[in-house]
Each structure stands twice: as structure tokens, then as C-alpha cells.
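**Q** The following file, input_20.cif, comprises mmCIF, C-alpha atoms:
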data_my_file
#
loop_
_atom_site.group_PDB
_atom_site.id
_atom_site.type_symbol
_atom_site.label_atom_id
_atom_site.label_comp_id
_atom_site.auth_asym_id
_atom_site.auth_seq_id
_atom_site.Cartn_x
_atom_site.Cartn_y
_atom_site.Cartn_z
ATOM 1 C CA MET A 241 -8.876 -18.276 -15.867
ATOM 2 C CA LEU A 242 -10.723 -14.950 -16.140
ATOM 3 C CA ALA A 243 -10.183 -14.967 -19.894
ATOM 4 C CA ARG A 244 -11.589 -18.492 -20.175
ATOM 5 C CA LEU A 245 -14.681 -17.314 -18.322
ATOM 6 C CA GLY A 246 -15.105 -14.539 -20.874
ATOM 7 C CA LEU A 247 -14.924 -11.758 -18.292
ATOM 8 C CA ASN A 248 -13.658 -8.293 -19.152
ATOM 9 C CA ILE A 249 -11.357 -7.435 -16.231
ATOM 10 C CA PHE A 250 -11.818 -3.723 -16.920
ATOM 11 C CA SER A 251 -15.609 -3.736 -17.026
ATOM 12 C CA THR A 252 -18.152 -2.261 -14.626
ATOM 13 C CA LYS A 253 -19.709 -3.216 -11.315
ATOM 14 C CA SER A 254 -21.421 -6.347 -12.622
ATOM 15 C CA ALA A 255 -18.049 -7.906 -13.419
ATOM 16 C CA ASP A 256 -16.731 -6.913 -9.974
ATOM 17 C CA THR A 257 -19.276 -9.205 -8.342
ATOM 18 C CA GLU A 258 -18.946 -11.949 -10.968
ATOM 19 C CA VAL A 259 -15.265 -12.494 -10.192
ATOM 20 C CA GLY A 260 -16.169 -13.021 -6.542
ATOM 21 C CA LEU A 261 -15.825 -10.095 -4.158
ATOM 22 C CA PRO A 262 -18.219 -10.896 -1.312
ATOM 23 C CA GLU A 263 -16.543 -8.367 0.978
ATOM 24 C CA ILE A 264 -18.032 -5.466 -1.030
ATOM 25 C CA GLU A 265 -21.500 -6.844 -1.751
ATOM 26 C CA ASP A 266 -22.928 -4.603 0.984
ATOM 27 C CA LEU A 267 -21.368 -1.429 -0.445
ATOM 28 C CA ASP A 268 -23.031 0.950 -2.904
ATOM 29 C CA PRO A 269 -20.736 1.539 -5.903
ATOM 30 C CA CYS A 270 -22.536 4.783 -6.693
ATOM 31 C CA ALA A 271 -21.496 6.171 -3.306
ATOM 32 C CA CYS A 272 -18.071 4.613 -2.808
ATOM 33 C CA GLY A 273 -17.001 3.210 -6.181
ATOM 34 C CA PHE A 274 -14.925 4.625 -9.004
ATOM 35 C CA ASP A 275 -17.737 6.742 -10.440
ATOM 36 C CA ARG A 276 -18.747 8.354 -7.150
ATOM 37 C CA PRO A 277 -19.182 12.145 -7.219
ATOM 38 C CA LEU A 278 -15.974 14.126 -6.664
ATOM 39 C CA LYS A 279 -15.490 17.722 -5.542
ATOM 40 C CA ASP A 280 -11.959 19.173 -5.775
ATOM 41 C CA GLU A 281 -10.057 15.977 -5.000
ATOM 42 C CA ARG A 282 -8.126 15.974 -8.270
ATOM 43 C CA GLU A 283 -6.821 19.495 -7.684
ATOM 44 C CA LYS A 284 -5.645 18.583 -4.158
ATOM 45 C CA LEU A 285 -4.200 15.158 -4.973
ATOM 46 C CA ALA A 286 -0.543 16.067 -5.609
ATOM 47 C CA GLY A 287 1.356 16.429 -2.334
ATOM 48 C CA SER A 288 -1.622 15.248 -0.263
ATOM 49 C CA LYS A 289 0.657 13.050 1.883
ATOM 50 C CA GLU A 290 3.167 14.818 4.114
ATOM 51 C CA PRO A 291 6.858 14.025 3.366
ATOM 52 C CA PHE A 292 8.207 10.836 4.959
ATOM 53 C CA THR A 293 11.552 9.058 4.898
ATOM 54 C CA THR A 294 10.783 5.522 6.049
ATOM 55 C CA HIS A 295 7.794 3.244 5.566
ATOM 56 C CA LEU A 296 7.276 0.210 7.767
ATOM 57 C CA LEU A 297 4.596 -2.344 6.873
ATOM 58 C CA LEU A 298 3.693 -4.969 9.472
ATOM 59 C CA SER A 299 1.858 -8.155 8.520
ATOM 60 C CA SER A 300 -1.516 -9.246 9.848
ATOM 61 C CA PRO A 301 -3.257 -12.596 9.218
ATOM 62 C CA LEU A 302 -6.685 -10.944 9.421
ATOM 63 C CA PRO A 303 -8.401 -10.160 6.084
ATOM 64 C CA ALA A 304 -8.408 -6.446 5.297
ATOM 65 C CA HIS A 305 -12.190 -6.144 5.347
ATOM 66 C CA GLU A 306 -12.207 -7.562 8.895
ATOM 67 C CA TRP A 307 -9.728 -5.089 10.359
ATOM 68 C CA PRO A 308 -11.281 -2.805 12.971
ATOM 69 C CA ASP A 309 -11.205 0.959 12.456
ATOM 70 C CA HIS A 310 -7.731 0.940 14.025
ATOM 71 C CA ALA A 311 -6.055 -2.126 12.505
ATOM 72 C CA GLU A 312 -3.416 -2.298 15.233
ATOM 73 C CA GLU A 313 -6.128 -3.396 17.653
ATOM 74 C CA SER A 314 -6.421 -6.719 15.821
ATOM 75 C CA SER A 315 -3.381 -8.364 17.447
ATOM 76 C CA PRO A 316 -0.995 -7.869 20.409
ATOM 77 C CA GLN A 317 2.150 -7.476 18.285
ATOM 78 C CA LEU A 318 0.544 -4.887 15.997
ATOM 79 C CA SER A 319 -0.702 -2.936 18.985
ATOM 80 C CA ALA A 320 2.650 -3.115 20.772
ATOM 81 C CA PHE A 321 4.558 -2.024 17.661
ATOM 82 C CA ALA A 322 2.271 0.949 17.016
ATOM 83 C CA LYS A 323 2.463 2.028 20.660
ATOM 84 C CA GLU A 324 6.269 1.763 20.783
ATOM 85 C CA LEU A 325 6.676 3.691 17.529
ATOM 86 C CA LYS A 326 4.376 6.446 18.763
ATOM 87 C CA SER A 327 6.393 6.764 21.965
ATOM 88 C CA ARG A 328 9.560 7.251 19.896
ATOM 89 C CA LYS A 329 8.172 9.755 17.437
ATOM 90 C CA LYS A 330 10.881 12.348 18.155
ATOM 91 C CA GLU A 331 13.624 9.740 17.765
ATOM 92 C CA LEU A 332 12.131 8.404 14.537
ATOM 93 C CA PRO A 333 10.831 11.416 12.574
ATOM 94 C CA GLY A 334 9.506 10.708 9.128
ATOM 95 C CA VAL A 335 8.756 7.053 9.930
ATOM 96 C CA ILE A 336 5.230 5.872 9.115
ATOM 97 C CA LEU A 337 3.557 2.544 9.906
ATOM 98 C CA THR A 338 0.990 0.633 7.855
ATOM 99 C CA PHE A 339 -0.365 -2.904 8.162
ATOM 100 C CA TYR A 340 -0.732 -5.408 5.339
ATOM 101 C CA THR A 341 -2.752 -8.598 5.239
ATOM 102 C CA THR A 342 -1.367 -12.009 4.369
ATOM 103 C CA ALA A 343 -4.857 -13.542 4.184
ATOM 104 C CA GLY A 344 -5.477 -15.291 0.889
ATOM 105 C CA THR A 345 -1.814 -15.016 -0.172
ATOM 106 C CA GLU A 346 1.111 -17.425 -0.262
ATOM 107 C CA GLU A 347 2.220 -15.896 3.047
ATOM 108 C CA ASN A 348 -0.997 -16.919 4.760
ATOM 109 C CA THR A 349 -0.283 -18.957 7.887
ATOM 110 C CA PRO A 350 -2.163 -19.584 11.143
ATOM 111 C CA ASP A 351 -1.875 -16.678 13.581
ATOM 112 C CA ASP A 352 1.040 -17.658 15.807
ATOM 113 C CA GLY A 353 1.458 -14.268 17.428
ATOM 114 C CA THR A 354 4.275 -13.156 15.124
ATOM 115 C CA SER A 355 4.469 -10.744 12.212
ATOM 116 C CA ASP A 356 6.839 -9.856 9.401
ATOM 117 C CA LEU A 357 7.996 -6.299 8.838
ATOM 118 C CA LEU A 358 8.722 -4.840 5.401
ATOM 119 C CA TRP A 359 11.162 -1.943 5.689
ATOM 120 C CA PHE A 360 11.404 0.649 2.909
ATOM 121 C CA PRO A 361 13.606 2.096 1.511
ATOM 122 C CA ALA A 362 16.024 -0.378 3.112
ATOM 123 C CA ARG A 363 14.129 -3.173 1.291
ATOM 124 C CA LYS A 364 14.452 -5.579 4.200
ATOM 125 C CA ARG A 365 12.098 -8.157 5.695
ATOM 126 C CA ILE A 366 12.336 -8.760 9.436
ATOM 127 C CA SER A 367 10.476 -11.877 10.596
ATOM 128 C CA GLY A 368 9.361 -13.245 13.948
ATOM 129 C CA ILE A 369 8.181 -9.951 15.418
ATOM 130 C CA THR A 370 6.226 -10.315 18.656
ATOM 131 C CA ALA A 371 4.871 -7.954 21.277
ATOM 132 C CA GLU A 372 7.997 -8.678 23.305
ATOM 133 C CA ASN A 373 10.651 -7.721 20.757
ATOM 134 C CA VAL A 374 9.217 -4.601 19.108
ATOM 135 C CA LYS A 375 11.661 -2.356 20.993
ATOM 136 C CA LEU A 376 14.614 -4.295 19.571
ATOM 137 C CA VAL A 377 13.215 -4.006 16.045
ATOM 138 C CA LEU A 378 12.716 -0.258 16.352
ATOM 139 C CA ASP A 379 16.234 0.064 17.776
ATOM 140 C CA SER A 380 17.353 -1.467 14.478
ATOM 141 C CA ILE A 381 15.253 0.984 12.459
ATOM 142 C CA ALA A 382 16.637 3.914 14.456
ATOM 143 C CA ALA A 383 20.201 2.701 13.821
ATOM 144 C CA GLY A 384 19.479 2.273 10.117
ATOM 145 C CA SER A 385 20.936 -1.226 10.215
ATOM 146 C CA THR A 386 19.797 -4.773 10.924
ATOM 147 C CA SER A 387 23.162 -5.800 12.412
ATOM 148 C CA ILE A 388 21.828 -5.732 15.979
ATOM 149 C CA LEU A 389 19.231 -8.325 14.962
ATOM 150 C CA GLU A 390 21.803 -10.914 13.881
ATOM 151 C CA GLY A 391 21.223 -14.182 15.695
ATOM 152 C CA LYS A 392 17.993 -12.832 17.178
ATOM 153 C CA LEU A 393 15.509 -12.386 14.324
ATOM 154 C CA PRO A 394 15.522 -13.561 10.694
ATOM 155 C CA VAL A 395 16.353 -10.771 8.225
ATOM 156 C CA SER A 396 16.239 -11.049 4.432
ATOM 157 C CA ASP A 397 16.338 -8.787 1.379
ATOM 158 C CA LEU A 398 13.078 -8.030 -0.400
ATOM 159 C CA GLU A 399 12.855 -9.342 -3.939
ATOM 160 C CA GLY A 400 11.109 -7.621 -6.816
ATOM 161 C CA SER A 401 8.557 -4.839 -6.552
ATOM 162 C CA TYR A 402 5.528 -4.319 -4.341
ATOM 163 C CA ILE A 403 2.133 -2.782 -4.996
ATOM 164 C CA PHE A 404 0.130 -1.934 -1.890
ATOM 165 C CA VAL A 405 -3.589 -1.153 -2.124
ATOM 166 C CA CYS A 406 -5.569 0.468 0.675
ATOM 167 C CA ALA A 407 -8.581 -1.768 1.326
ATOM 168 C CA HIS A 408 -9.417 -0.790 4.912
ATOM 169 C CA LYS A 409 -13.179 -1.183 4.704
ATOM 170 C CA GLN A 410 -14.038 -0.484 8.349
ATOM 171 C CA ARG A 411 -12.090 2.784 8.169
ATOM 172 C CA ASP A 412 -13.793 4.000 4.998
ATOM 173 C CA SER A 413 -16.145 2.276 2.567
ATOM 174 C CA ARG A 414 -14.531 3.987 -0.436
ATOM 175 C CA CYS A 415 -11.211 2.340 0.419
ATOM 176 C CA GLY A 416 -12.975 -0.949 1.075
ATOM 177 C CA TYR A 417 -14.725 -0.976 -2.272
ATOM 178 C CA CYS A 418 -12.043 0.439 -4.566
ATOM 179 C CA GLY A 419 -9.257 -1.432 -2.781
ATOM 180 C CA ALA A 420 -10.932 -4.812 -3.145
ATOM 181 C CA VAL A 421 -11.660 -4.286 -6.843
ATOM 182 C CA LEU A 422 -8.210 -2.915 -7.684
ATOM 183 C CA THR A 423 -6.461 -5.760 -5.874
ATOM 184 C CA GLN A 424 -8.537 -8.314 -7.772
ATOM 185 C CA GLN A 425 -7.810 -6.626 -11.090
ATOM 186 C CA LEU A 426 -4.086 -6.232 -10.372
ATOM 187 C CA LEU A 427 -3.786 -9.943 -9.662
ATOM 188 C CA ALA A 428 -5.791 -10.762 -12.790
ATOM 189 C CA GLU A 429 -3.593 -8.568 -14.985
ATOM 190 C CA LEU A 430 -0.411 -10.058 -13.520
ATOM 191 C CA ALA A 431 -1.755 -13.552 -14.157
ATOM 192 C CA LEU A 432 -2.660 -12.727 -17.759
ATOM 193 C CA HIS A 433 0.574 -10.871 -18.489
ATOM 194 C CA PRO A 434 3.290 -12.070 -16.087
ATOM 195 C CA PRO A 435 6.081 -9.464 -15.820
ATOM 196 C CA ALA A 436 9.738 -10.383 -16.152
ATOM 197 C CA ALA A 437 10.416 -9.352 -12.537
ATOM 198 C CA PRO A 438 8.258 -10.427 -9.571
ATOM 199 C CA VAL A 439 5.526 -8.075 -8.372
ATOM 200 C CA THR A 440 3.866 -8.684 -4.996
ATOM 201 C CA VAL A 441 0.392 -7.232 -4.400
ATOM 202 C CA ARG A 442 -0.904 -6.730 -0.866
ATOM 203 C CA LYS A 443 -3.942 -5.050 0.676
ATOM 204 C CA VAL A 444 -3.007 -2.523 3.350
ATOM 205 C CA SER A 445 -4.605 -0.493 6.099
ATOM 206 C CA HIS A 446 -5.424 3.214 6.166
ATOM 207 C CA VAL A 447 -2.835 5.387 4.395
ATOM 208 C CA GLY A 448 -4.701 8.676 4.747
ATOM 209 C CA GLY A 449 -6.799 10.453 2.151
ATOM 210 C CA HIS A 450 -10.012 8.424 2.040
ATOM 211 C CA VAL A 451 -11.339 10.870 -0.531
ATOM 212 C CA TYR A 452 -8.591 9.734 -2.906
ATOM 213 C CA ALA A 453 -9.599 6.059 -2.991
ATOM 214 C CA GLY A 454 -8.404 3.987 -4.763
ATOM 215 C CA ASN A 455 -5.106 4.590 -3.096
ATOM 216 C CA VAL A 456 -2.265 2.539 -4.573
ATOM 217 C CA LEU A 457 1.381 2.551 -3.485
ATOM 218 C CA VAL A 458 3.843 1.441 -6.143
ATOM 219 C CA TYR A 459 7.137 0.463 -4.510
ATOM 220 C CA GLY A 460 9.319 -0.346 -7.460
ATOM 221 C CA MET A 461 13.041 -0.895 -7.809
ATOM 222 C CA ARG A 462 13.642 2.823 -8.443
ATOM 223 C CA HIS A 463 10.989 4.825 -6.610
ATOM 224 C CA CYS A 464 8.217 4.401 -4.065
ATOM 225 C CA ASP A 465 5.267 6.481 -5.262
ATOM 226 C CA TRP A 466 1.776 6.944 -3.841
ATOM 227 C CA TYR A 467 -1.144 7.329 -6.240
ATOM 228 C CA GLY A 468 -4.760 8.290 -5.633
ATOM 229 C CA LEU A 469 -8.049 8.188 -7.533
ATOM 230 C CA VAL A 470 -6.704 5.103 -9.299
ATOM 231 C CA ARG A 471 -9.137 3.339 -11.622
ATOM 232 C CA LYS A 472 -9.044 -0.109 -13.174
ATOM 233 C CA GLU A 473 -7.811 1.193 -16.518
ATOM 234 C CA ASP A 474 -4.659 2.534 -14.795
ATOM 235 C CA ILE A 475 -3.509 -0.930 -13.749
ATOM 236 C CA PRO A 476 -1.291 -1.821 -16.740
ATOM 237 C CA GLN A 477 0.644 1.434 -16.385
ATOM 238 C CA LEU A 478 1.095 0.928 -12.630
ATOM 239 C CA ILE A 479 2.516 -2.535 -13.216
ATOM 240 C CA GLU A 480 4.822 -1.157 -15.878
ATOM 241 C CA LEU A 481 6.140 1.433 -13.419
ATOM 242 C CA ALA A 482 6.571 -1.197 -10.704
ATOM 243 C CA THR A 483 8.806 -3.270 -12.954
ATOM 244 C CA ASP A 484 10.835 -0.381 -14.419
ATOM 245 C CA VAL A 485 14.533 -0.947 -13.671
ATOM 246 C CA SER A 486 16.003 1.474 -16.210
ATOM 247 C CA ASP A 487 18.730 3.851 -15.078
ATOM 248 C CA GLY A 488 18.949 7.616 -14.908
ATOM 249 C CA GLY A 489 16.470 10.469 -14.866
ATOM 250 C CA ALA A 490 13.658 11.150 -12.461
ATOM 251 C CA GLY A 491 11.962 7.887 -13.297
ATOM 252 C CA GLY A 492 8.545 7.180 -14.729
ATOM 253 C CA TRP A 493 5.467 8.274 -12.809
ATOM 254 C CA ILE A 494 1.849 9.224 -13.414
ATOM 255 C CA PRO A 495 1.472 12.961 -12.674
ATOM 256 C CA ARG A 496 -2.340 13.014 -12.842
ATOM 257 C CA LEU A 497 -2.576 10.381 -10.072
ATOM 258 C CA TRP A 498 0.479 11.280 -7.995
ATOM 259 C CA ARG A 499 0.219 11.906 -4.235
ATOM 260 C CA ALA A 500 3.685 11.425 -2.751
ATOM 261 C CA ARG A 501 7.093 9.779 -3.060
ATOM 262 C CA LEU A 502 9.036 8.211 -0.214
ATOM 263 C CA GLY A 503 12.161 10.133 0.745
ATOM 264 C CA LEU A 504 11.438 13.496 -0.870
ATOM 265 C CA GLY A 505 12.075 16.730 0.987
ATOM 266 C CA ALA A 506 9.716 19.702 0.991
ATOM 267 C CA GLU A 507 11.471 21.405 -1.923
ATOM 268 C CA GLU A 508 11.432 18.247 -4.042
ATOM 269 C CA VAL A 509 7.738 17.746 -3.306
ATOM 270 C CA ALA A 510 7.048 21.330 -4.381
ATOM 271 C CA ASN A 511 8.899 20.714 -7.640
ATOM 272 C CA MET A 512 6.822 17.616 -8.380
ATOM 273 C CA ILE A 513 3.597 19.449 -7.557
ATOM 274 C CA ASN A 514 4.595 22.160 -10.027
ATOM 275 C CA ALA A 515 5.296 19.464 -12.606
ATOM 276 C CA VAL A 516 1.809 18.070 -12.060
ATOM 277 C CA LYS A 517 0.211 21.488 -12.461
ATOM 278 C CA SER A 518 2.150 22.146 -15.669
ATOM 279 C CA GLN A 519 0.600 19.047 -17.247
ATOM 280 C CA ARG A 520 -3.019 19.893 -16.502
#
How does this structure look as C-alpha cells?
**A**
Amino acid sequence: MLARLGLNIFSTKSADTEVGLPEIEDLDPCACGFDRPLKDEREKLAGSKEPFTTHLLLSSPLPAHEWPDHAEESSPQLSAFAKELKSRKKELPGVILTFYTTAGTEENTPDDGTSDLLWFPARKRISGITAENVKLVLDSIAAGSTSILEGKLPVSDLEGSYIFVCAHKQRDSRCGYCGAVLTQQLLAELALHPPAAPVTVRKVSHVGGHVYAGNVLVYGMRHCDWYGLVRKEDIPQLIELATDVSDGGAGGWIPRLWRARLGLGAEEVANMINAVKSQR
């Protein structure tokens, strides 16, 4: 459709508004867009997220630009989950929590007080999460198995790859602006050039590092990498990485944009940082 309209999906701010992004019309692209002034962000990008072993993403029906500063305050089950996880920090080290929106997607349903949980690297979806059963779900995470959920909550395997884009506008306008544009362009590129394997794109809440917006998390079949300072022209390469299922080696990545990889230890992170520096 974008091609029929004659729009260049990798053009400047005028095209961003033409394709319909009302949630960023009140934001100044010169201050929070892709060409905003930078200081030393590029030098600090690699390793800018502390090592983590598990990433949990909990669904929210609220559009990303409507999330409050703390997205968990937008619903009882999100709040209960975040509170329970915080109380079990020592039991669940290396576990981080993010929220993703289902608004405007095929998952969009009326808010019935339940959420889905995406669990990486286990690549599981746990459905029907409420404020009342968050302890049971986190018991499952702590055990590293969904067996205790059998007969209690629906569990399924995740299919394909995921690309998560921080678009938490109320937390930081840079994330709100860049996240909205990158999500739109990712969906446009996938529509124009459908990949062989499915790729799901979702807007997510704060992932840290506002100064590195656009922040994009590519959770492919091989690796789960975090990227920062992502621009529209990087989108084809990100999609290519998301759909890479080749075997062997360290796997493809983009050193100049790299922030973190799920599951790496401190020594492995240091090695990747050195690899980034060697390519500058």
C-alpha cells in the first residue's frame, strides 16, 4: 500500500507524518528524532545493558504512547506481576521484565484483566495471567519449566522471530518518537518484502538507555540481541538477522549498534565489546 501511495519508507520527517503517526505529532524531531544531537552515546553503546539471563514480556492492551511513566501502573495484573518479581529478586537473579502492547495488532482484544507472557530464552507463551496467579507463573519461571502450569494455564511454543521496539513515550520522548517511526517502517518493510519465516513486531516499554533511542531488540531463532541508535536505514539488516536460522559460529550481528545479548556472562560481554572496538 505504501508503494502505491508513492511514499519512500526511508525518507525524512515529512513521510513519518504522511503515513499516519498521530502519537508523535506533538514531538519535535530535531530534539528527539534520529538526527538529534549526540554526545558520546556511540562510544558507550556496546555493553550498555547489564548482563541478564531471562527476559519476560507481559502484554498490555493499552497503546504504548498511553502508558504512564511506569507502565505496570496501567493494569492490576501488570502491577501485581512487577511487584511479585521485585519481591523475588534474589530468587530470580538475571530476570528482567518488560511490557508489550497488543493495541493495533492481531492480538488486540478487549481488556479482560488477563495478559500473555512471552518467556525468553525458553520461547514459551503463557496465557491467562491475572493478578491472582502471578505467583504461580513466577514459580514456573524459577523452576525453569512450565510443567507446574499444566491444567492451570495455557502454554504454547513461540513461533518465528520477534522484534521489540521501545516506544514508551511518557517515559522519554526520544523513545516515543523513534519507536513509533521504527515500528511503522518495520511493518512496512515486512509487508513489502515478506520473509520466509514469521517475524512479529511489538512496541515495548522502557528498556533502559533513553539516550540510545531507537532501541530495538531482535529476538531471532539463534540470538536475542539489543541494538541502540537504530535508524530507518538499518531495518532491512535487522529483519535479515531476525530470520537467520543458519548453524554454527557466533551468529550475525551489527557491532556498531550492539548493546547487549541475552544470556551472556561478563567475560563474553567483554569479548563482544572488544570486537566492537576493533571495528571502529
**Q** Show me, as a list in words, the residues that have an atom within 6 Å of segment 494-510 of chain A when counting all atoms listed in the file, minus same-chain residues fewer than 6 positions from it.
**A** Leu285, Ala286, Gly287, Ser288, Lys289, Phe292, Thr293, Cys464, Asp465, Trp466, Tyr467, Gly468 and Val516 of chain A
**Q** Tell me which protein, DNA and RNA residues are within 9 Å of segment 403-411 of chain A, counting all atoms listed in the file, leaving out same-chain ones fewer than 2 positions away, and put them as an MDAnalysis selection string.
**A** chainID A and resid 263:264 304:311 340 401 413:420 422:423 426 439:447 450 453:460 478:479 482
**Q** Could you save the residues just selected, with C-alpha atoms, as a PDB file, in the frame of the given file?
**A**
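For reference, result.pdb as written:
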ATOM      1  CA  GLU A 263     -16.543  -8.367   0.978  1.00  0.00           C
ATOM      2  CA  ILE A 264     -18.032  -5.466  -1.030  1.00  0.00           C
ATOM      3  CA  ALA A 304      -8.408  -6.446   5.297  1.00  0.00           C
ATOM      4  CA  HIS A 305     -12.190  -6.144   5.347  1.00  0.00           C
ATOM      5  CA  GLU A 306     -12.207  -7.562   8.895  1.00  0.00           C
ATOM      6  CA  TRP A 307      -9.728  -5.089  10.359  1.00  0.00           C
ATOM      7  CA  PRO A 308     -11.281  -2.805  12.971  1.00  0.00           C
ATOM      8  CA  ASP A 309     -11.205   0.959  12.456  1.00  0.00           C
ATOM      9  CA  HIS A 310      -7.731   0.940  14.025  1.00  0.00           C
ATOM     10  CA  ALA A 311      -6.055  -2.126  12.505  1.00  0.00           C
ATOM     11  CA  TYR A 340      -0.732  -5.408   5.339  1.00  0.00           C
ATOM     12  CA  SER A 401       8.557  -4.839  -6.552  1.00  0.00           C
ATOM     13  CA  SER A 413     -16.145   2.276   2.567  1.00  0.00           C
ATOM     14  CA  ARG A 414     -14.531   3.987  -0.436  1.00  0.00           C
ATOM     15  CA  CYS A 415     -11.211   2.340   0.419  1.00  0.00           C
ATOM     16  CA  GLY A 416     -12.975  -0.949   1.075  1.00  0.00           C
ATOM     17  CA  TYR A 417     -14.725  -0.976  -2.272  1.00  0.00           C
ATOM     18  CA  CYS A 418     -12.043   0.439  -4.566  1.00  0.00           C
ATOM     19  CA  GLY A 419      -9.257  -1.432  -2.781  1.00  0.00           C
ATOM     20  CA  ALA A 420     -10.932  -4.812  -3.145  1.00  0.00           C
ATOM     21  CA  LEU A 422      -8.210  -2.915  -7.684  1.00  0.00           C
ATOM     22  CA  THR A 423      -6.461  -5.760  -5.874  1.00  0.00           C
ATOM     23  CA  LEU A 426      -4.086  -6.232 -10.372  1.00  0.00           C
ATOM     24  CA  VAL A 439       5.526  -8.075  -8.372  1.00  0.00           C
ATOM     25  CA  THR A 440       3.866  -8.684  -4.996  1.00  0.00           C
ATOM     26  CA  VAL A 441       0.392  -7.232  -4.400  1.00  0.00           C
ATOM     27  CA  ARG A 442      -0.904  -6.730  -0.866  1.00  0.00           C
ATOM     28  CA  LYS A 443      -3.942  -5.050   0.676  1.00  0.00           C
ATOM     29  CA  VAL A 444      -3.007  -2.523   3.350  1.00  0.00           C
ATOM     30  CA  SER A 445      -4.605  -0.493   6.099  1.00  0.00           C
ATOM     31  CA  HIS A 446      -5.424   3.214   6.166  1.00  0.00           C
ATOM     32  CA  VAL A 447      -2.835   5.387   4.395  1.00  0.00           C
ATOM     33  CA  HIS A 450     -10.012   8.424   2.040  1.00  0.00           C
ATOM     34  CA  ALA A 453      -9.599   6.059  -2.991  1.00  0.00           C
ATOM     35  CA  GLY A 454      -8.404   3.987  -4.763  1.00  0.00           C
ATOM     36  CA  ASN A 455      -5.106   4.590  -3.096  1.00  0.00           C
ATOM     37  CA  VAL A 456      -2.265   2.539  -4.573  1.00  0.00           C
ATOM     38  CA  LEU A 457       1.381   2.551  -3.485  1.00  0.00           C
ATOM     39  CA  VAL A 458       3.843   1.441  -6.143  1.00  0.00           C
ATOM     40  CA  TYR A 459       7.137   0.463  -4.510  1.00  0.00           C
ATOM     41  CA  GLY A 460       9.319  -0.346  -7.460  1.00  0.00           C
ATOM     42  CA  LEU A 478       1.095   0.928 -12.630  1.00  0.00           C
ATOM     43  CA  ILE A 479       2.516  -2.535 -13.216  1.00  0.00           C
ATOM     44  CA  ALA A 482       6.571  -1.197 -10.704  1.00  0.00           C
TER      45      ALA A 482
END
**Q** By how many Å are atom CA of Asp352 of chain A and atom CA of Ser396 of chain A apart?
**A**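 It comes out at 20.1 Å.
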**Q** Padding 5 Å on every side, please: axis-aligned box over the listed atoms of segment 400-417 of chain A, centre and edge lengths to one decimal in Å, as lines of an AutoDock Vina configuration file.
**A**
center_x = -2.5
center_y = -1.8
center_z = 0.8
size_x = 37.3
size_y = 21.6
size_z = 25.2
**Q** Starting from the shown file, work through the PyMOL selection byres ((chain A and resi 438) around 9) and note down what comes out as a short mmCIF file (atom, residue, chain, number, x, y, z; two decimals) with C-alpha atoms, in the coordinates of the input.
**A**
data_model
loop_
_atom_site.label_atom_id
_atom_site.label_comp_id
_atom_site.auth_asym_id
_atom_site.auth_seq_id
_atom_site.Cartn_x
_atom_site.Cartn_y
_atom_site.Cartn_z
CA GLU A 399 12.86 -9.34 -3.94
CA GLY A 400 11.11 -7.62 -6.82
CA SER A 401 8.56 -4.84 -6.55
CA TYR A 402 5.53 -4.32 -4.34
CA PRO A 434 3.29 -12.07 -16.09
CA PRO A 435 6.08 -9.46 -15.82
CA ALA A 436 9.74 -10.38 -16.15
CA ALA A 437 10.42 -9.35 -12.54
CA VAL A 439 5.53 -8.07 -8.37
CA THR A 440 3.87 -8.68 -5.00
CA THR A 483 8.81 -3.27 -12.95
#
**Q** Selected by the PyMOL selection byres ((chain A and resi 364) around 9) in the shown coordinates: which residues, as a PyMOL selection string?
**A** chain A and resi 357-363+365-366+386+395-398
**Q** Please evaluate the PyMOL selection byres ((chain A and resi 335) around 6) against the structure above and give the resulting residues as number ranges by chain.
**A** A: 294-295, 332-334, 336
**Q** Record the distance separating atom CA of Gln519 of chain A and atom CA of Val421 of chain A, expressed in Å with one decimal.
**A**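 Interatomic distance, atom CA of Gln519 of chain A to atom CA of Val421 of chain A: 28.3 Å.
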**Q** Could you work out how far atom CA of Asp266 of chain A lies from atom CA of Lys279 of chain A, giving the answer in Å with one decimal?
**A**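 We find that atom CA of Lys279 of chain A and atom CA of Asp266 of chain A lie 24.4 Å from each other.
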**Q** Can you pull out every residue within 7 Å of Thr354 of chain A, counting all atoms listed in the file, but drop anything in the same chain fewer than 5 positions away, and send it as a list in words?
**A**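 So, after excluding close chain neighbours, the residues are Gln317, Gly368, Ile369 and Thr370 of chain A.
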**Q** Considering only C-alpha atoms, can you say which of A:Gln425, A:Ser518, A:Gln477, A:Ser315 comes closest to Asp351 of chain A?
**A**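 Residue with the minimum atom-to-atom distance to Asp351 of chain A: A:Ser315.
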**Q** I'd like to know which of A:Ser380, A:Ile475, A:Arg520, A:Ile513 is closest to Gln424 of chain A, using only C-alpha atoms.
**A**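 Looking at the shortest contact to Gln424 of chain A, the residue is A:Ile475.
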**Q** Which residues, written as a ChimeraX atom specification, have at least one atom at most 10 Å from Val485 of chain A, with only C-alpha atoms counted and residues fewer than 3 positions away on the same chain left out?
**A** /A:437,460-463,480-482,488,491
**Q** What does the file look like for those residues with C-alpha atoms, as a PDB file, in the frame of the given file?
**A**
ATOM      1  CA  ALA A 437      10.416  -9.352 -12.537  1.00  0.00           C
ATOM      2  CA  GLY A 460       9.319  -0.346  -7.460  1.00  0.00           C
ATOM      3  CA  MET A 461      13.041  -0.895  -7.809  1.00  0.00           C
ATOM      4  CA  ARG A 462      13.642   2.823  -8.443  1.00  0.00           C
ATOM      5  CA  HIS A 463      10.989   4.825  -6.610  1.00  0.00           C
ATOM      6  CA  GLU A 480       4.822  -1.157 -15.878  1.00  0.00           C
ATOM      7  CA  LEU A 481       6.140   1.433 -13.419  1.00  0.00           C
ATOM      8  CA  ALA A 482       6.571  -1.197 -10.704  1.00  0.00           C
ATOM      9  CA  GLY A 488      18.949   7.616 -14.908  1.00  0.00           C
ATOM     10  CA  GLY A 491      11.962   7.887 -13.297  1.00  0.00           C
TER      11      GLY A 491
END
